[in-house]
Structures are given as structure tokens and as C-alpha cells.
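For reference, final_25.pdb is printed below; it contains PDB, C-alpha atoms, pLDDT in the B column.
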ATOM      1  CA  MET A  26     -52.665  70.968 116.555  1.00 75.00           C
ATOM      2  CA  LEU A  27     -48.890  70.782 116.854  1.00 82.00           C
ATOM      3  CA  ALA A  28     -49.047  67.309 118.421  1.00 80.00           C
ATOM      4  CA  PHE A  29     -51.273  66.146 115.553  1.00 81.00           C
ATOM      5  CA  LEU A  30     -48.835  67.481 112.954  1.00 84.00           C
ATOM      6  CA  ILE A  31     -45.886  65.857 114.689  1.00 85.00           C
ATOM      7  CA  ARG A  32     -47.698  62.527 114.875  1.00 85.00           C
ATOM      8  CA  MET A  33     -48.614  62.720 111.180  1.00 86.00           C
ATOM      9  CA  ALA A  34     -44.992  63.534 110.297  1.00 88.00           C
ATOM     10  CA  LEU A  35     -43.794  60.564 112.365  1.00 90.00           C
ATOM     11  CA  SER A  36     -46.318  58.285 110.666  1.00 90.00           C
ATOM     12  CA  ALA A  37     -45.234  59.529 107.252  1.00 90.00           C
ATOM     13  CA  GLY A  38     -41.602  59.004 108.223  1.00 89.00           C
ATOM     14  CA  ALA A  39     -42.380  55.457 109.353  1.00 89.00           C
ATOM     15  CA  LEU A  40     -44.094  54.796 106.020  1.00 88.00           C
ATOM     16  CA  LEU A  41     -41.060  56.114 104.153  1.00 87.00           C
ATOM     17  CA  LEU A  42     -38.760  53.999 106.297  1.00 86.00           C
ATOM     18  CA  LEU A  43     -40.858  50.902 105.634  1.00 86.00           C
ATOM     19  CA  SER A  44     -40.729  51.561 101.899  1.00 85.00           C
ATOM     20  CA  SER A  45     -36.935  51.856 101.812  1.00 80.00           C
ATOM     21  CA  PRO A  46     -35.069  48.991 100.143  1.00 75.00           C
ATOM     22  CA  SER A  47     -33.117  48.276 103.344  1.00 70.00           C
ATOM     23  CA  VAL A  48     -36.262  46.966 105.044  1.00 69.00           C
ATOM     24  CA  ALA A  49     -36.598  43.542 103.448  1.00 66.00           C
ATOM     25  CA  LEU A  50     -39.359  42.301 105.738  1.00 72.00           C
ATOM     26  CA  VAL A  51     -41.978  44.677 104.353  1.00 76.00           C
ATOM     27  CA  ARG A  52     -42.381  45.291 100.642  1.00 79.00           C
ATOM     28  CA  VAL A  53     -44.390  48.493 100.799  1.00 87.00           C
ATOM     29  CA  GLU A  54     -43.743  50.892  97.938  1.00 88.00           C
ATOM     30  CA  ASN A  55     -44.074  54.623  98.424  1.00 87.00           C
ATOM     31  CA  ASN A  56     -43.126  57.356  95.947  1.00 82.00           C
ATOM     32  CA  SER A  57     -42.484  60.526  97.944  1.00 85.00           C
ATOM     33  CA  TRP A  58     -42.974  62.494 101.137  1.00 88.00           C
ATOM     34  CA  THR A  59     -46.221  63.933  99.850  1.00 89.00           C
ATOM     35  CA  THR A  60     -47.581  60.469  99.144  1.00 89.00           C
ATOM     36  CA  ALA A  61     -46.515  59.343 102.625  1.00 88.00           C
ATOM     37  CA  ILE A  62     -48.264  62.327 104.218  1.00 89.00           C
ATOM     38  CA  ILE A  63     -51.444  61.697 102.211  1.00 90.00           C
ATOM     39  CA  VAL A  64     -51.362  58.011 103.170  1.00 91.00           C
ATOM     40  CA  ALA A  65     -50.818  58.914 106.842  1.00 90.00           C
ATOM     41  CA  LEU A  66     -53.804  61.292 106.733  1.00 91.00           C
ATOM     42  CA  VAL A  67     -56.016  58.733 104.979  1.00 91.00           C
ATOM     43  CA  LEU A  68     -55.034  56.019 107.461  1.00 90.00           C
ATOM     44  CA  GLY A  69     -55.655  58.385 110.362  1.00 88.00           C
ATOM     45  CA  LEU A  70     -59.107  59.297 109.067  1.00 90.00           C
ATOM     46  CA  ALA A  71     -59.979  55.667 108.346  1.00 90.00           C
ATOM     47  CA  ASN A  72     -58.847  54.621 111.815  1.00 85.00           C
ATOM     48  CA  ALA A  73     -60.910  57.408 113.347  1.00 87.00           C
ATOM     49  CA  LEU A  74     -64.091  56.936 111.301  1.00 91.00           C
ATOM     50  CA  VAL A  75     -64.305  53.445 109.820  1.00 88.00           C
ATOM     51  CA  LYS A  76     -62.481  51.290 112.347  1.00 87.00           C
ATOM     52  CA  PRO A  77     -64.811  51.970 115.340  1.00 89.00           C
ATOM     53  CA  ILE A  78     -67.840  50.937 113.284  1.00 91.00           C
ATOM     54  CA  LEU A  79     -66.136  47.763 112.078  1.00 87.00           C
ATOM     55  CA  MET A  80     -64.870  46.998 115.589  1.00 86.00           C
ATOM     56  CA  PHE A  81     -68.399  47.343 116.984  1.00 89.00           C
ATOM     57  CA  PHE A  82     -69.917  44.819 114.596  1.00 88.00           C
ATOM     58  CA  ALA A  83     -66.942  42.466 114.696  1.00 85.00           C
ATOM     59  CA  SER A  84     -66.884  42.548 118.501  1.00 83.00           C
ATOM     60  CA  ILE A  85     -70.549  41.622 118.651  1.00 88.00           C
ATOM     61  CA  LEU A  86     -69.998  38.703 116.294  1.00 88.00           C
ATOM     62  CA  THR A  87     -66.932  37.430 118.155  1.00 88.00           C
ATOM     63  CA  LEU A  88     -68.087  38.080 121.717  1.00 88.00           C
ATOM     64  CA  PRO A  89     -67.746  34.441 122.849  1.00 90.00           C
ATOM     65  CA  LEU A  90     -64.173  34.295 121.558  1.00 88.00           C
ATOM     66  CA  SER A  91     -63.385  37.544 123.342  1.00 87.00           C
ATOM     67  CA  CYS A  92     -64.769  36.160 126.602  1.00 90.00           C
ATOM     68  CA  ILE A  93     -62.752  32.955 126.278  1.00 92.00           C
ATOM     69  CA  THR A  94     -59.502  34.849 125.616  1.00 90.00           C
ATOM     70  CA  LEU A  95     -60.237  37.469 128.309  1.00 90.00           C
ATOM     71  CA  GLY A  96     -60.278  40.303 125.793  1.00 86.00           C
ATOM     72  CA  LEU A  97     -57.046  39.508 123.967  1.00 91.00           C
ATOM     73  CA  TRP A  98     -59.039  38.690 120.846  1.00 89.00           C
ATOM     74  CA  ASN A  99     -59.965  42.399 120.589  1.00 88.00           C
ATOM     75  CA  LEU A 100     -56.273  43.226 120.238  1.00 90.00           C
ATOM     76  CA  VAL A 101     -55.887  40.714 117.405  1.00 91.00           C
ATOM     77  CA  LEU A 102     -59.111  41.918 115.806  1.00 89.00           C
ATOM     78  CA  SER A 103     -57.941  45.525 115.938  1.00 90.00           C
ATOM     79  CA  TRP A 104     -54.630  44.541 114.334  1.00 93.00           C
ATOM     80  CA  LEU A 105     -56.416  42.640 111.556  1.00 93.00           C
ATOM     81  CA  LEU A 106     -58.727  45.584 110.864  1.00 92.00           C
ATOM     82  CA  SER A 107     -55.760  47.987 110.792  1.00 92.00           C
ATOM     83  CA  GLY A 108     -54.017  45.672 108.349  1.00 93.00           C
ATOM     84  CA  ALA A 109     -57.133  45.609 106.185  1.00 93.00           C
ATOM     85  CA  ILE A 110     -57.250  49.412 106.210  1.00 93.00           C
ATOM     86  CA  VAL A 111     -53.569  49.618 105.195  1.00 93.00           C
ATOM     87  CA  TYR A 112     -54.156  47.036 102.447  1.00 94.00           C
ATOM     88  CA  GLY A 113     -57.192  48.982 101.218  1.00 93.00           C
ATOM     89  CA  ALA A 114     -55.221  52.222 101.199  1.00 92.00           C
ATOM     90  CA  GLY A 115     -52.568  50.491  99.107  1.00 91.00           C
ATOM     91  CA  ALA A 116     -55.218  49.423  96.623  1.00 93.00           C
ATOM     92  CA  LEU A 117     -56.929  52.819  96.416  1.00 92.00           C
ATOM     93  CA  LEU A 118     -54.133  55.391  96.568  1.00 90.00           C
ATOM     94  CA  ASP A 119     -51.755  56.062  93.699  1.00 89.00           C
ATOM     95  CA  GLY A 120     -48.087  55.956  94.626  1.00 89.00           C
ATOM     96  CA  PHE A 121     -48.607  53.650  97.616  1.00 91.00           C
ATOM     97  CA  THR A 122     -48.531  49.919  96.994  1.00 91.00           C
ATOM     98  CA  VAL A 123     -48.940  47.077  99.467  1.00 92.00           C
ATOM     99  CA  PRO A 124     -48.429  43.795  97.584  1.00 91.00           C
ATOM    100  CA  THR A 125     -49.509  41.287 100.250  1.00 91.00           C
ATOM    101  CA  PHE A 126     -51.762  41.234 103.286  1.00 94.00           C
ATOM    102  CA  ALA A 127     -48.794  40.111 105.405  1.00 92.00           C
ATOM    103  CA  SER A 128     -46.978  43.314 104.432  1.00 91.00           C
ATOM    104  CA  ALA A 129     -50.074  45.272 105.400  1.00 93.00           C
ATOM    105  CA  LEU A 130     -50.179  43.562 108.800  1.00 94.00           C
ATOM    106  CA  ILE A 131     -46.515  44.323 109.495  1.00 92.00           C
ATOM    107  CA  THR A 132     -47.001  47.916 108.341  1.00 91.00           C
ATOM    108  CA  ALA A 133     -50.041  48.266 110.610  1.00 93.00           C
ATOM    109  CA  LEU A 134     -48.056  46.896 113.547  1.00 93.00           C
ATOM    110  CA  VAL A 135     -45.149  49.294 112.974  1.00 91.00           C
ATOM    111  CA  LEU A 136     -47.510  52.261 112.563  1.00 91.00           C
ATOM    112  CA  ALA A 137     -49.330  51.290 115.772  1.00 92.00           C
ATOM    113  CA  VAL A 138     -46.051  51.243 117.694  1.00 92.00           C
ATOM    114  CA  VAL A 139     -44.946  54.580 116.189  1.00 91.00           C
ATOM    115  CA  ASN A 140     -48.314  56.176 116.975  1.00 89.00           C
ATOM    116  CA  ALA A 141     -48.302  54.794 120.521  1.00 89.00           C
ATOM    117  CA  VAL A 142     -44.837  56.218 121.185  1.00 90.00           C
ATOM    118  CA  ALA A 143     -45.755  59.533 119.560  1.00 87.00           C
ATOM    119  CA  GLY A 144     -48.967  59.666 121.577  1.00 84.00           C
ATOM    120  CA  ALA A 145     -47.040  59.077 124.788  1.00 87.00           C
ATOM    121  CA  LEU A 146     -44.404  61.692 123.958  1.00 86.00           C
ATOM    122  CA  PHE A 147     -46.700  64.333 122.521  1.00 79.00           C
ATOM    123  CA  ASP A 148     -49.786  64.271 124.660  1.00 72.00           C
ATOM    124  CA  LYS A 149     -52.951  66.026 123.496  1.00 64.00           C
ATOM    125  CA  LYS A 150     -52.847  68.107 126.669  1.00 65.00           C
ATOM    126  CA  ASP A 151     -49.730  69.832 125.311  1.00 54.00           C
ATOM    127  CA  ASP A 152     -51.846  71.423 122.568  1.00 55.00           C
ATOM    128  CA  GLU A 153     -54.366  72.813 125.072  1.00 58.00           C
ATOM    129  CA  LYS A 154     -51.788  74.930 126.908  1.00 55.00           C
TER     130      LYS A 154
END
Write-out of the structure in C-alpha cells:
Amino acid sequence: MLAFLIRMALSAGALLLLSSPSVALVRVENNSWTTAIIVALVLGLANALVKPILMFFASILTLPLSCITLGLWNLVLSWLLSGAIVYGAGALLDGFTVPTFASALITALVLAVVNAVAGALFDKKDDEK
């Protein structure tokens, strides 16, 4: 549970950092810490529940492309779906705005890197001890 909370806090911190005016590449707008935490939880739930279903159907439809690219297409497809989830969260949640799909893609990429590093540092096995 502690690893989960730390990863959510790091995701919320990354969202707040991306919404700061000093980051000119991404124009994500976020109001407060509580909004960032809610967005991080919503994105985590959407990535856990919705994304596997979408990946299953999209992978079936793009199987020839995945075979030609030796599986690298799945990485691009996962990034596009994560960007779509971030863009949808920006449209649905108050206090969190994502103006363009390019901003959503960059936000999804940064969150993926933050979550990968947090997952490597705070392994789920640490919670079981």
C-alpha cells in the first residue's frame, strides 16, 4: 500500500510539474494538489481497467503491422492509448485541462517514465514484507 501511495504522489507531482508555467512544451493546466491526486487516481484506474480492453481489440486489428515491426507497434499503440486517456481525463475532470492531443501525448510519455522509475524504485514486493 505504501508503494502505491508513493507512486500516486509521484504521478501527482509530475502532473503539477507539467502544469507549471516553466514547462513550455506542455500546456497542461492543473489547479491544485488535490486535483493532481484525483487525476493521478483516475488515470491509474483507467490504465488498469480500460486500457487492457482497448489494447486487446486494437492489437487484434493491427496484428499484421505488429508482426512487420516486430512488436514495436504495440509500444506506439500503448502510448497513443495513454495519450487518449489523458486527453479524455482533461475533458471530463474539472480543474485539469489538456488543450491539445500533442500535450496529452507528451504528458502520457512523462507519466510513463515517472511510473516506470517509481515502479523500479518502489517494488510491489516491498509492501508484502
Hey, can you pull every residue with an atom no more than 12 Å from (-58.6, 52.2, 103.0), using all atoms listed in the file, and send it as an MDAnalysis selection string? chainID A and resid 63:76 106:118 121:123 129
Take the residues that were just selected and, keeping C-alpha atoms, output them as a tab-separated table (two decimals), in the frame of the given file.
chain	number	residue	atom	x	y	z
A	63	ILE	CA	-51.44	61.70	102.21
A	64	VAL	CA	-51.36	58.01	103.17
A	65	ALA	CA	-50.82	58.91	106.84
A	66	LEU	CA	-53.80	61.29	106.73
A	67	VAL	CA	-56.02	58.73	104.98
A	68	LEU	CA	-55.03	56.02	107.46
A	69	GLY	CA	-55.66	58.38	110.36
A	70	LEU	CA	-59.11	59.30	109.07
A	71	ALA	CA	-59.98	55.67	108.35
A	72	ASN	CA	-58.85	54.62	111.82
A	73	ALA	CA	-60.91	57.41	113.35
A	74	LEU	CA	-64.09	56.94	111.30
A	75	VAL	CA	-64.31	53.44	109.82
A	76	LYS	CA	-62.48	51.29	112.35
A	106	LEU	CA	-58.73	45.58	110.86
A	107	SER	CA	-55.76	47.99	110.79
A	108	GLY	CA	-54.02	45.67	108.35
A	109	ALA	CA	-57.13	45.61	106.18
A	110	ILE	CA	-57.25	49.41	106.21
A	111	VAL	CA	-53.57	49.62	105.20
A	112	TYR	CA	-54.16	47.04	102.45
A	113	GLY	CA	-57.19	48.98	101.22
A	114	ALA	CA	-55.22	52.22	101.20
A	115	GLY	CA	-52.57	50.49	99.11
A	116	ALA	CA	-55.22	49.42	96.62
A	117	LEU	CA	-56.93	52.82	96.42
A	118	LEU	CA	-54.13	55.39	96.57
A	121	PHE	CA	-48.61	53.65	97.62
A	122	THR	CA	-48.53	49.92	96.99
A	123	VAL	CA	-48.94	47.08	99.47
A	129	ALA	CA	-50.07	45.27	105.40
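A straight line drawn from CA of Ile78 (chain A) to CA of Arg32 (chain A) is 23.3 Å long.
Running the PyMOL selection byres ((chain A and resi 44) around 6) on this file leaves A:Leu41, A:Leu42, A:Leu43, A:Ser45, A:Val53, A:Glu54, A:Asn55 selected.
The gap separating CA of Ser103 (chain A) from CA of Met80 (chain A) is 7.1 Å, in Å to one decimal.
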